[in-house]
file coords.txt (compact mmCIF, C-alpha atoms)
# COMPACT_ATOMS: atom_id res chain seq x y z
CA MET A 8 -20.50 13.58 -6.36
CA ARG A 9 -17.79 11.89 -4.38
CA ALA A 10 -15.18 9.41 -5.47
CA PRO A 11 -15.25 6.00 -3.81
CA PRO A 12 -12.62 5.64 -1.08
CA ARG A 13 -9.34 4.53 -2.56
CA SER A 14 -8.60 2.56 0.57
CA SER A 15 -10.77 -0.36 -0.58
CA PRO A 16 -8.65 -3.47 -1.08
CA GLU A 17 -8.17 -4.53 -4.65
CA PRO A 18 -9.60 -7.86 -5.77
CA GLY A 19 -7.30 -10.75 -4.95
CA ALA A 20 -5.11 -8.75 -2.56
CA GLY A 21 -6.19 -10.84 0.43
CA GLY A 22 -5.57 -14.07 -1.46
CA HIS A 23 -2.05 -12.98 -2.40
CA GLN A 24 -1.25 -12.17 1.22
CA VAL A 25 -2.51 -15.58 2.39
CA LEU A 26 -0.50 -17.31 -0.33
CA PHE A 27 2.66 -15.42 0.61
CA ALA A 28 2.21 -16.24 4.31
CA PHE A 29 1.72 -19.91 3.40
CA ALA A 30 4.92 -19.89 1.33
CA GLU A 31 6.87 -18.52 4.30
CA CYS A 32 5.64 -21.41 6.46
CA VAL A 33 6.57 -24.15 3.97
CA PRO A 34 10.27 -24.61 5.05
CA PHE A 35 9.31 -24.95 8.71
CA ALA A 36 6.40 -27.22 7.86
CA ILE A 37 8.81 -29.49 5.98
CA ALA A 38 11.12 -29.59 9.00
CA LEU A 39 8.17 -30.54 11.21
CA VAL A 40 7.10 -33.32 8.81
CA VAL A 41 10.65 -34.70 8.79
CA LEU A 42 10.73 -34.67 12.58
CA VAL A 43 7.43 -36.55 12.78
CA ILE A 44 8.57 -39.14 10.24
CA GLU A 45 11.92 -39.77 11.93
CA LEU A 46 10.45 -40.07 15.43
CA THR A 47 7.71 -42.53 14.43
CA PRO A 48 7.62 -45.94 12.75
CA LEU A 49 7.61 -44.05 9.44
CA HIS A 50 11.34 -43.37 9.78
CA PHE A 51 12.11 -45.89 7.05
CA VAL A 52 11.25 -43.04 4.63
CA TYR A 53 14.43 -41.24 3.54
CA THR A 54 14.05 -37.56 4.54
CA GLY A 55 17.56 -36.17 4.08
CA PRO A 56 16.92 -34.24 0.84
CA LEU A 57 13.85 -32.59 2.36
CA LEU A 58 15.87 -30.88 5.09
CA VAL A 59 18.59 -29.88 2.64
CA ALA A 60 15.99 -28.04 0.55
CA THR A 61 14.56 -25.90 3.38
CA PRO A 62 17.15 -23.05 3.22
CA ALA A 63 16.64 -22.74 -0.54
CA LEU A 64 12.87 -22.55 -0.11
CA ALA A 65 13.22 -19.95 2.65
CA ALA A 66 15.49 -17.80 0.48
CA VAL A 67 12.69 -17.36 -2.04
CA THR A 68 10.27 -15.61 0.32
CA MET A 69 12.01 -14.79 3.61
CA GLY A 70 15.29 -13.10 2.77
CA PRO A 71 18.73 -13.68 4.33
CA MET A 72 17.63 -13.87 7.98
CA GLY A 73 14.78 -16.20 7.15
CA THR A 74 17.21 -18.40 5.26
CA LEU A 75 19.46 -18.69 8.31
CA ALA A 76 16.45 -19.38 10.54
CA ALA A 77 15.25 -22.20 8.30
CA ALA A 78 18.77 -23.63 8.11
CA GLY A 79 19.05 -23.52 11.89
CA VAL A 80 15.75 -25.37 12.30
CA ALA A 81 16.85 -27.95 9.73
CA LEU A 82 20.15 -28.48 11.58
CA VAL A 83 18.40 -28.92 14.93
CA VAL A 84 15.95 -31.42 13.41
CA SER A 85 18.86 -33.31 11.83
CA ILE A 86 20.71 -33.57 15.14
CA ILE A 87 17.58 -34.70 16.98
CA THR A 88 16.65 -37.36 14.44
CA VAL A 89 20.17 -38.69 14.01
CA THR A 90 20.60 -38.96 17.78
CA HIS A 91 17.19 -40.57 18.21
CA ASN A 92 17.91 -43.15 15.51
CA GLN A 93 21.52 -43.67 16.70
CA ALA A 94 22.77 -42.96 13.18
CA TRP A 95 25.95 -41.04 14.05
CA GLY A 96 28.94 -42.41 12.19
CA GLY A 97 27.03 -43.18 9.02
CA GLN A 98 28.40 -41.66 5.83
CA GLN A 99 24.94 -40.52 4.71
CA VAL A 100 24.50 -38.39 7.85
CA TYR A 101 27.66 -36.36 7.25
CA THR A 102 26.87 -36.08 3.55
CA ASN A 103 23.48 -34.58 4.40
CA LEU A 104 25.05 -32.12 6.87
CA VAL A 105 27.63 -31.00 4.31
CA ALA A 106 24.91 -30.60 1.68
CA LEU A 107 22.79 -28.60 4.15
CA SER A 108 25.73 -26.31 4.86
CA LEU A 109 26.50 -25.74 1.19
CA VAL A 110 22.86 -25.04 0.29
CA THR A 111 22.58 -22.66 3.27
CA VAL A 112 25.64 -20.67 2.20
CA ALA A 113 24.52 -20.52 -1.43
CA SER A 114 20.95 -19.58 -0.50
CA TYR A 115 22.11 -16.88 1.93
CA MET A 116 24.44 -15.32 -0.64
CA THR A 117 21.77 -15.42 -3.33
CA SER A 118 19.12 -13.96 -1.04
CA SER A 119 21.48 -11.19 0.10
CA ALA A 120 22.37 -10.31 -3.48
CA VAL A 121 18.70 -10.20 -4.48
CA ARG A 122 17.83 -8.00 -1.51
CA THR A 123 20.70 -5.64 -2.25
CA ARG A 124 19.62 -5.36 -5.87
CA ARG A 125 16.02 -4.71 -4.85
CA GLU A 126 17.07 -2.04 -2.36
CA ASN A 127 19.16 -0.32 -5.04
CA GLU A 128 16.22 -0.43 -7.44
CA LEU A 129 13.89 0.91 -4.74
CA ASN A 130 16.28 3.75 -3.94
CA GLN A 131 16.45 4.61 -7.63
CA VAL A 132 12.65 4.60 -7.88
CA ARG A 133 12.45 6.86 -4.84
CA ARG A 134 14.91 9.31 -6.37
CA ILE A 135 12.83 9.35 -9.54
CA ALA A 136 9.66 9.84 -7.48
CA GLU A 137 11.24 12.74 -5.62
CA ALA A 138 12.22 14.36 -8.91
CA ALA A 139 8.70 13.77 -10.27
CA GLN A 140 7.22 15.29 -7.14
CA GLU A 141 9.29 18.43 -7.57
CA VAL A 142 7.78 18.83 -11.03
CA LEU A 143 4.26 17.55 -10.45
CA LEU A 144 3.63 18.56 -6.84
CA ARG A 145 6.03 21.39 -6.24
CA PRO A 146 5.50 23.39 -3.03
CA VAL A 147 3.34 26.43 -3.59
CA PRO A 148 5.17 29.79 -3.45
CA ASP A 149 5.21 31.47 -0.06
CA ARG A 150 4.07 34.85 -1.38
CA LEU A 151 1.47 35.21 -4.12
CA GLY A 152 0.15 38.73 -4.56
CA PRO A 153 -2.27 39.51 -1.70
CA VAL A 154 -1.83 36.14 0.02
CA ARG A 155 0.77 33.93 1.63
CA ALA A 156 0.45 30.20 1.12
CA ALA A 157 1.89 26.81 2.09
CA SER A 158 1.19 23.23 1.03
CA MET A 159 1.50 19.68 2.35
CA TYR A 160 1.21 16.26 0.75
CA LEU A 161 1.02 12.97 2.63
CA ALA A 162 0.96 9.72 0.66
CA ALA A 163 -1.03 6.89 2.21
CA GLU A 164 1.13 4.19 0.61
CA THR A 165 4.29 3.48 2.55
CA GLY A 166 7.34 4.78 0.73
CA ALA A 167 5.31 6.65 -1.87
CA GLN A 168 6.14 10.23 -2.78
CA ILE A 169 3.24 11.06 -5.10
CA GLY A 170 -0.17 9.63 -5.76
CA GLY A 171 -3.59 10.66 -7.02
CA ASP A 172 -4.00 13.95 -5.15
CA LEU A 173 -2.95 17.21 -6.79
CA TYR A 174 -2.55 20.89 -5.97
CA ASP A 175 -0.99 24.08 -7.27
CA ALA A 176 -1.17 27.85 -6.84
CA VAL A 177 -0.19 30.35 -9.54
CA GLN A 178 -0.14 34.14 -9.66
CA THR A 179 -1.70 35.45 -12.88
CA ARG A 180 -2.92 38.76 -14.28
CA TYR A 181 -6.42 37.76 -13.14
CA GLY A 182 -5.32 37.14 -9.56
CA VAL A 183 -4.01 34.18 -7.59
CA ARG A 184 -5.46 30.94 -8.91
CA MET A 185 -5.34 27.63 -7.07
CA ILE A 186 -6.44 24.06 -7.61
CA VAL A 187 -6.75 21.05 -5.32
CA GLY A 188 -7.99 17.75 -6.74
CA ASP A 189 -8.33 14.05 -6.14
CA VAL A 190 -8.08 11.38 -8.86
CA ARG A 191 -10.27 8.33 -8.58
CA GLY A 192 -8.00 5.30 -8.40
CA LYS A 193 -4.34 4.94 -7.53
CA GLY A 194 -1.01 3.90 -8.91
CA LEU A 195 0.54 5.15 -12.13
CA PRO A 196 -2.82 5.80 -13.89
CA ALA A 197 -3.78 8.16 -11.05
CA VAL A 198 -0.43 9.95 -11.25
CA ARG A 199 -0.87 10.32 -15.00
CA ALA A 200 -4.36 11.80 -14.60
CA ALA A 201 -3.06 14.21 -11.95
CA ALA A 202 -0.27 15.32 -14.29
CA VAL A 203 -2.76 15.91 -17.12
CA VAL A 204 -5.06 18.06 -14.98
CA LEU A 205 -2.18 20.04 -13.49
CA GLY A 206 -0.66 20.63 -16.92
CA ALA A 207 -3.97 21.92 -18.28
CA PHE A 208 -4.47 24.14 -15.23
CA ARG A 209 -0.99 25.65 -15.38
CA GLU A 210 -1.46 26.50 -19.03
CA SER A 211 -5.03 27.82 -19.03
CA VAL A 212 -4.83 30.01 -15.90
CA HIS A 213 -2.70 32.54 -17.77
CA TYR A 214 -4.99 33.14 -20.76
CA GLU A 215 -8.54 32.15 -19.69
CA GLU A 216 -10.20 35.10 -17.98
CA ASP A 217 -13.26 33.12 -16.88
CA LEU A 218 -12.48 30.69 -14.05
CA VAL A 219 -15.15 28.31 -15.32
CA GLU A 220 -13.30 28.07 -18.63
CA VAL A 221 -10.12 27.14 -16.74
CA VAL A 222 -12.00 24.25 -15.16
CA ASN A 223 -13.51 23.24 -18.50
CA HIS A 224 -10.04 23.24 -20.03
CA CYS A 225 -8.87 20.80 -17.33
CA GLY A 226 -11.86 18.52 -17.95
CA ALA A 227 -11.29 18.54 -21.71
CA ALA A 228 -7.62 17.64 -21.27
CA LEU A 229 -8.57 14.75 -19.00
CA ARG A 230 -11.08 13.40 -21.53
CA ARG A 231 -8.58 13.66 -24.37
CA ASP A 232 -5.99 11.75 -22.39
CA ALA A 233 -8.53 9.09 -21.42
CA ALA A 234 -9.47 8.65 -25.07
CA LEU A 235 -5.83 8.25 -26.08
CA ALA A 236 -5.33 5.68 -23.34
CA GLY A 237 -8.29 3.68 -24.63
CA ALA A 238 -10.30 4.32 -21.44
CA GLY A 239 -12.52 7.17 -22.54
CA VAL A 240 -15.73 7.70 -20.64
CA GLY A 241 -18.78 6.65 -22.62
CA ALA A 242 -16.97 4.29 -25.00
CA ALA A 243 -18.23 0.89 -26.05
CA VAL A 244 -18.52 -0.07 -22.39
CA ALA A 245 -20.85 2.80 -21.57
CA ASP A 246 -23.43 0.37 -20.22
CA ASP A 247 -20.96 -0.72 -17.56
CA GLU A 248 -21.38 1.61 -14.58
CA GLU A 249 -17.96 0.85 -13.16
CA ALA A 250 -16.25 1.58 -16.48
CA LEU A 251 -18.29 4.77 -16.82
CA LEU A 252 -16.89 6.09 -13.56
CA GLU A 253 -13.24 5.37 -14.31
CA GLY A 254 -10.77 8.20 -14.58
CA PHE A 255 -12.64 11.14 -13.09
CA VAL A 256 -11.11 13.82 -10.89
CA THR A 257 -12.83 15.81 -8.17
CA ALA A 258 -11.41 19.32 -8.04
CA VAL A 259 -11.92 22.77 -6.58
CA VAL A 260 -10.45 25.80 -8.35
CA ALA A 261 -10.24 29.14 -6.54
CA GLN A 262 -9.31 32.66 -7.56
CA ILE A 263 -8.24 35.48 -5.28
CA PRO A 264 -8.30 38.86 -7.02
CA ASN A 265 -7.08 42.11 -5.50
CA GLY A 266 -10.42 42.75 -3.77
CA PRO A 267 -11.45 41.12 -0.44
CA VAL A 268 -13.25 38.18 -2.09
CA ILE A 269 -12.56 34.65 -3.23
CA GLU A 270 -14.15 33.01 -6.27
CA VAL A 271 -14.61 29.26 -6.32
CA VAL A 272 -15.65 26.61 -8.85
CA ASN A 273 -16.27 23.22 -7.27
CA ARG A 274 -16.47 20.02 -9.31
CA GLY A 275 -17.55 17.35 -6.85
CA HIS A 276 -14.78 18.12 -4.35
CA PRO A 277 -14.97 18.63 -0.56
CA ALA A 278 -15.81 22.25 0.19
CA PRO A 279 -12.88 24.51 1.19
CA LEU A 280 -12.91 25.80 4.75
CA LEU A 281 -12.74 29.50 5.61
CA LEU A 282 -11.49 30.64 9.01
CA SER A 283 -12.70 34.17 9.74
CA ASP A 284 -13.00 35.90 13.13
CA GLY A 285 -12.22 32.58 14.83
CA LYS A 286 -15.12 30.75 13.15
CA VAL A 287 -14.86 28.05 10.49
CA ARG A 288 -17.39 27.64 7.71
CA PRO A 289 -17.36 25.51 4.55
CA LEU A 290 -17.64 27.28 1.19
CA VAL A 291 -20.46 25.11 -0.08
CA PRO A 292 -21.15 25.51 -3.82
CA THR A 293 -24.54 26.84 -4.89
CA THR A 294 -24.69 24.35 -7.75
CA SER A 295 -23.72 20.68 -7.59
CA LEU A 296 -21.54 19.67 -10.51
CA PRO A 297 -19.94 16.30 -11.34
CA PRO A 298 -16.16 15.76 -11.24
CA LEU A 299 -13.86 16.46 -14.17
CA GLY A 300 -14.20 13.78 -16.81
CA LEU A 301 -17.93 13.29 -16.23
CA GLU A 302 -19.18 16.36 -18.06
CA GLU A 303 -21.88 14.36 -19.83
CA PHE A 304 -23.75 14.27 -16.52
CA ILE A 305 -24.14 18.08 -16.51
CA THR A 306 -27.79 18.62 -17.45
CA GLY A 307 -28.05 22.36 -16.82
CA PRO A 308 -25.71 25.32 -17.22
CA PRO A 309 -22.01 24.42 -17.36
CA GLY A 310 -21.42 25.97 -13.98
CA ARG A 311 -20.66 29.33 -12.50
CA THR A 312 -18.25 30.95 -10.09
CA ASP A 313 -19.35 31.32 -6.46
CA GLY A 314 -18.05 34.34 -4.57
CA TYR A 315 -17.34 34.61 -0.84
CA PRO A 316 -15.85 37.34 1.38
CA PHE A 317 -12.14 36.86 2.01
CA GLU A 318 -10.88 39.69 4.17
CA PRO A 319 -7.31 40.43 5.30
CA GLY A 320 -6.59 38.18 8.26
CA ASP A 321 -8.80 35.32 7.00
CA ARG A 322 -7.41 31.85 6.38
CA LEU A 323 -8.51 29.51 3.58
CA LEU A 324 -7.95 25.76 3.62
CA LEU A 325 -8.18 23.68 0.44
CA HIS A 326 -7.95 19.95 1.06
CA THR A 327 -8.71 16.48 -0.29
CA ASP A 328 -11.03 13.94 1.28
CA GLY A 329 -8.07 12.01 2.68
CA VAL A 330 -8.23 14.42 5.64
CA LEU A 331 -11.97 14.14 6.19
CA GLU A 332 -12.04 10.36 5.81
CA ALA A 333 -9.12 9.66 8.15
CA ARG A 334 -10.46 7.40 10.92
CA ASP A 335 -9.24 6.26 14.31
CA GLY A 336 -9.52 2.82 15.86
CA SER A 337 -13.19 3.37 16.73
CA ASN A 338 -13.98 4.38 13.12
CA THR A 339 -14.42 8.06 14.03
CA PHE A 340 -13.66 10.57 11.26
CA PHE A 341 -11.05 13.28 11.72
CA ASP A 342 -12.67 16.64 12.58
CA LEU A 343 -10.90 19.07 10.27
CA PRO A 344 -12.95 22.19 11.15
CA VAL A 345 -12.14 21.72 14.84
CA ALA A 346 -8.45 21.24 14.04
CA LEU A 347 -8.44 24.39 11.91
CA ALA A 348 -10.12 26.46 14.63
CA SER A 349 -7.93 25.08 17.42
CA MET A 350 -4.76 26.07 15.55
CA ARG A 351 -5.95 29.48 14.40
CA ASP A 352 -3.03 31.21 16.13
CA HIS A 353 -0.47 29.05 14.36
CA THR A 354 1.56 30.25 11.41
CA ARG A 355 1.11 28.33 8.18
CA PRO A 356 4.14 26.03 8.68
CA GLU A 357 3.11 25.44 12.30
CA PHE A 358 -0.46 24.68 11.25
CA LEU A 359 0.59 22.17 8.60
CA GLU A 360 2.96 20.42 10.99
CA GLY A 361 0.27 20.36 13.67
CA LEU A 362 -2.23 18.96 11.18
CA ARG A 363 0.23 16.27 10.08
CA GLN A 364 0.85 15.19 13.67
CA ALA A 365 -2.88 15.24 14.47
CA LEU A 366 -3.63 13.01 11.49
CA ILE A 367 -0.89 10.57 12.45
CA ARG A 368 -2.17 10.41 16.03
CA HIS A 369 -5.77 10.00 14.89
CA THR A 370 -5.01 7.19 12.42
CA GLN A 371 -2.12 5.72 14.41
CA GLY A 372 0.11 6.30 11.43
CA ALA A 373 -2.11 4.36 9.00
CA LEU A 374 -3.64 6.82 6.55
CA ALA A 375 -6.24 5.18 4.33
CA ASP A 376 -5.97 7.79 1.58
CA ASP A 377 -3.55 10.40 0.30
CA VAL A 378 -3.76 13.88 1.80
CA ALA A 379 -3.18 17.18 -0.01
CA VAL A 380 -3.62 20.51 1.77
CA VAL A 381 -3.10 24.12 0.72
CA VAL A 382 -3.45 26.83 3.38
CA VAL A 383 -3.76 30.47 2.33
CA ASP A 384 -3.67 33.63 4.49
CA ARG A 385 -5.09 36.88 3.16
CA ILE A 386 -2.74 39.68 4.22
CA ASP A 387 -3.38 43.38 4.68
CA PRO A 388 -1.69 45.18 1.77
CA ASP A 389 -1.36 48.34 3.85
CA HIS A 390 0.42 46.64 6.73
CA GLN A 391 3.22 44.28 5.77
CA ARG A 392 3.59 41.99 8.73
CA ASP A 393 6.24 39.45 9.68
CA ASP A 394 5.68 36.23 7.77
CA THR A 395 6.04 34.17 10.95
CA ALA A 396 3.13 35.89 12.69
CA PRO A 397 -0.46 34.62 12.46
CA PRO A 398 -3.09 36.89 10.88
CA SER A 399 -4.11 39.73 13.15
CA ARG A 400 -7.90 39.19 12.93
CA TRP A 401 -7.63 35.96 14.91
call {"tool": "encode", "arguments": {"input": "coords.txt", "output": "structure tokens"}}
result
Amino acid sequence: MRAPPRSSPEPGAGGHQVLFAFAECVPFAIALVVLVIELTPLHFVYTGPLLVATPALAAVTMGPMGTLAAAGVALVVSIITVTHNQAWGGQQVYTNLVALSLVTVASYMTSSAVRTRRENELNQVRRIAEAAQEVLLRPVPDRLGPVRAASMYLAAETGAQIGGDLYDAVQTRYGVRMIVGDVRGKGLPAVRAAAVVLGAFRESVHYEEDLVEVVNHCGAALRRDAALAGAGVGAAVADDEEALLEGFVTAVVAQIPNGPVIEVVNRGHPAPLLLSDGKVRPLVPTTSLPPLGLEEFITGPPGRTDGYPFEPGDRLLLHTDGVLEARDGSNTFFDLPVALASMRDHTRPEFLEGLRQALIRHTQGALADDVAVVVVDRIDPDHQRDDTAPPSRW
């Protein structure tokens, strides 16, 4: 079961953009109306206060430079109309020009102060987001038992540091355990859900021997949090399909013990990719299970762990659907398996940087969804190699 793309525009977003664009045009539209009135037989209508108001209107939506642009247009229109009507020398003309100047200065100063305050607030929010990212989405450790790992997170929203994707990797007495997930939705509710799942994972991996129980613990934590937030699945709005699907998280949890295998539990998430002997294959689950938070849709057994060979020299890639659903201008999806195979000789940092650049080129810098990636190399315990070298089997 897949989550709907989070790139879908929210209701009313288009209307807000149109309204904002209209508001930006209002000062210049007023100047045009004044020009038409003054250059036609309608010039008996007194238009002075209209031009004086244009810088103030521009300051509301266009910032300091827009304020100066509107004031400049108003001044040009004033000069044209006064010259056309041969009104130079009249006291009212100079009064209007002085008023226009004063309003322009006041509007510019106000707009500059507002912009400075907003920039300071934005910088503060970014610092808080960076601190939150260090706690919520900390980089995975480079060395974890029999593997070496690296992670990457790309937020689709401009200026964002964290979103609805999640990942982590922890070394435990049962082996190396990892999670990559994707929260349905975006904004602060998605960040909250990601934090809940990560918190449950980081706690349960150390005392739950069964990997399925780790996953169940994450799902239970998500349902408890949804109930506390008043958005529990299956509440009084259970007959509403959209409400029923709110708040779920697709996730894949993997375990790498000391032996040459990897154990995976997949809850509606894109299958991890395994690069072995130069070939890429998806680790498709044997049983389809719904995402975390939708456990009531499980009709059979609660799930089981799937095992796959994971030999020294193999590379594992856990990822979210933001990679697979990245599209170019012709609506073509990004081919992650091809990218993984083409960069098989790259070290982990080189691979992640190459993947980042490939995604930016493919989407022309406009990601539609957040991207979270964890790349893991299985190393040979009998031959400690240089960390900067790619696995020898490739």
call {"tool": "closest_residue", "arguments": {"input": "coords.txt", "among": "A:Val381, A:Ala373, A:Asp217, A:Arg288", "to": "Gly310 in chain A", "atoms": "all atoms listed in the file"}}
result
A:Asp217
call {"tool": "atom_distance", "arguments": {"input": "coords.txt", "atom1": "CA of Tyr315 in chain A", "atom2": "CA of Ile186 in chain A"}}
result
16.6 Å
call {"tool": "residues_around", "arguments": {"input": "coords.txt", "residues": "Leu331 in chain A", "least_positions_apart": "6", "cutoff": "8 Å", "atoms": "all atoms listed in the file", "output": "JSON, numbers by chain"}}
result
{"A": [340, 341, 342, 343]}
call {"tool": "closest_residue", "arguments": {"input": "coords.txt", "among": "A:Thr47, A:Ser119, A:Thr257, A:Asn92", "to": "Asp328 in chain A", "atoms": "all atoms listed in the file"}}
result
A:Thr257
call {"tool": "residues_around", "arguments": {"input": "coords.txt", "residues": "Thr327 in chain A", "least_positions_apart": "2", "cutoff": "7 Å", "atoms": "all atoms listed in the file", "output": "ChimeraX atom specification"}}
result
/A:188-189,277,329-330,378-380
call {"tool": "atom_distance", "arguments": {"input": "coords.txt", "atom1": "CA of Cys32 in chain A", "atom2": "CA of Pro48 in chain A"}}
result
25.4 Å
call {"tool": "atom_distance", "arguments": {"input": "coords.txt", "atom1": "CA of Gly171 in chain A", "atom2": "CA of Asp376 in chain A"}}
result
9.4 Å
call {"tool": "residues_around", "arguments": {"input": "coords.txt", "residues": "Leu374 in chain A", "least_positions_apart": "5", "cutoff": "9 Å", "atoms": "all atoms listed in the file", "output": "list in words"}}
result
Ser14, Leu161, Ala162, Ala163, Glu164, Gly329, Val330, Ala333, Arg334, Leu366 and Ile367 of chain A
call {"tool": "write_last_selection", "arguments": {"input": "coords.txt", "atoms": "C-alpha atoms", "output": "CSV table (one decimal), in the frame of the given file"}}
result
chain,number,residue,atom,x,y,z
A,14,SER,CA,-8.6,2.6,0.6
A,161,LEU,CA,1.0,13.0,2.6
A,162,ALA,CA,1.0,9.7,0.7
A,163,ALA,CA,-1.0,6.9,2.2
A,164,GLU,CA,1.1,4.2,0.6
A,329,GLY,CA,-8.1,12.0,2.7
A,330,VAL,CA,-8.2,14.4,5.6
A,333,ALA,CA,-9.1,9.7,8.2
A,334,ARG,CA,-10.5,7.4,10.9
A,366,LEU,CA,-3.6,13.0,11.5
A,367,ILE,CA,-0.9,10.6,12.4
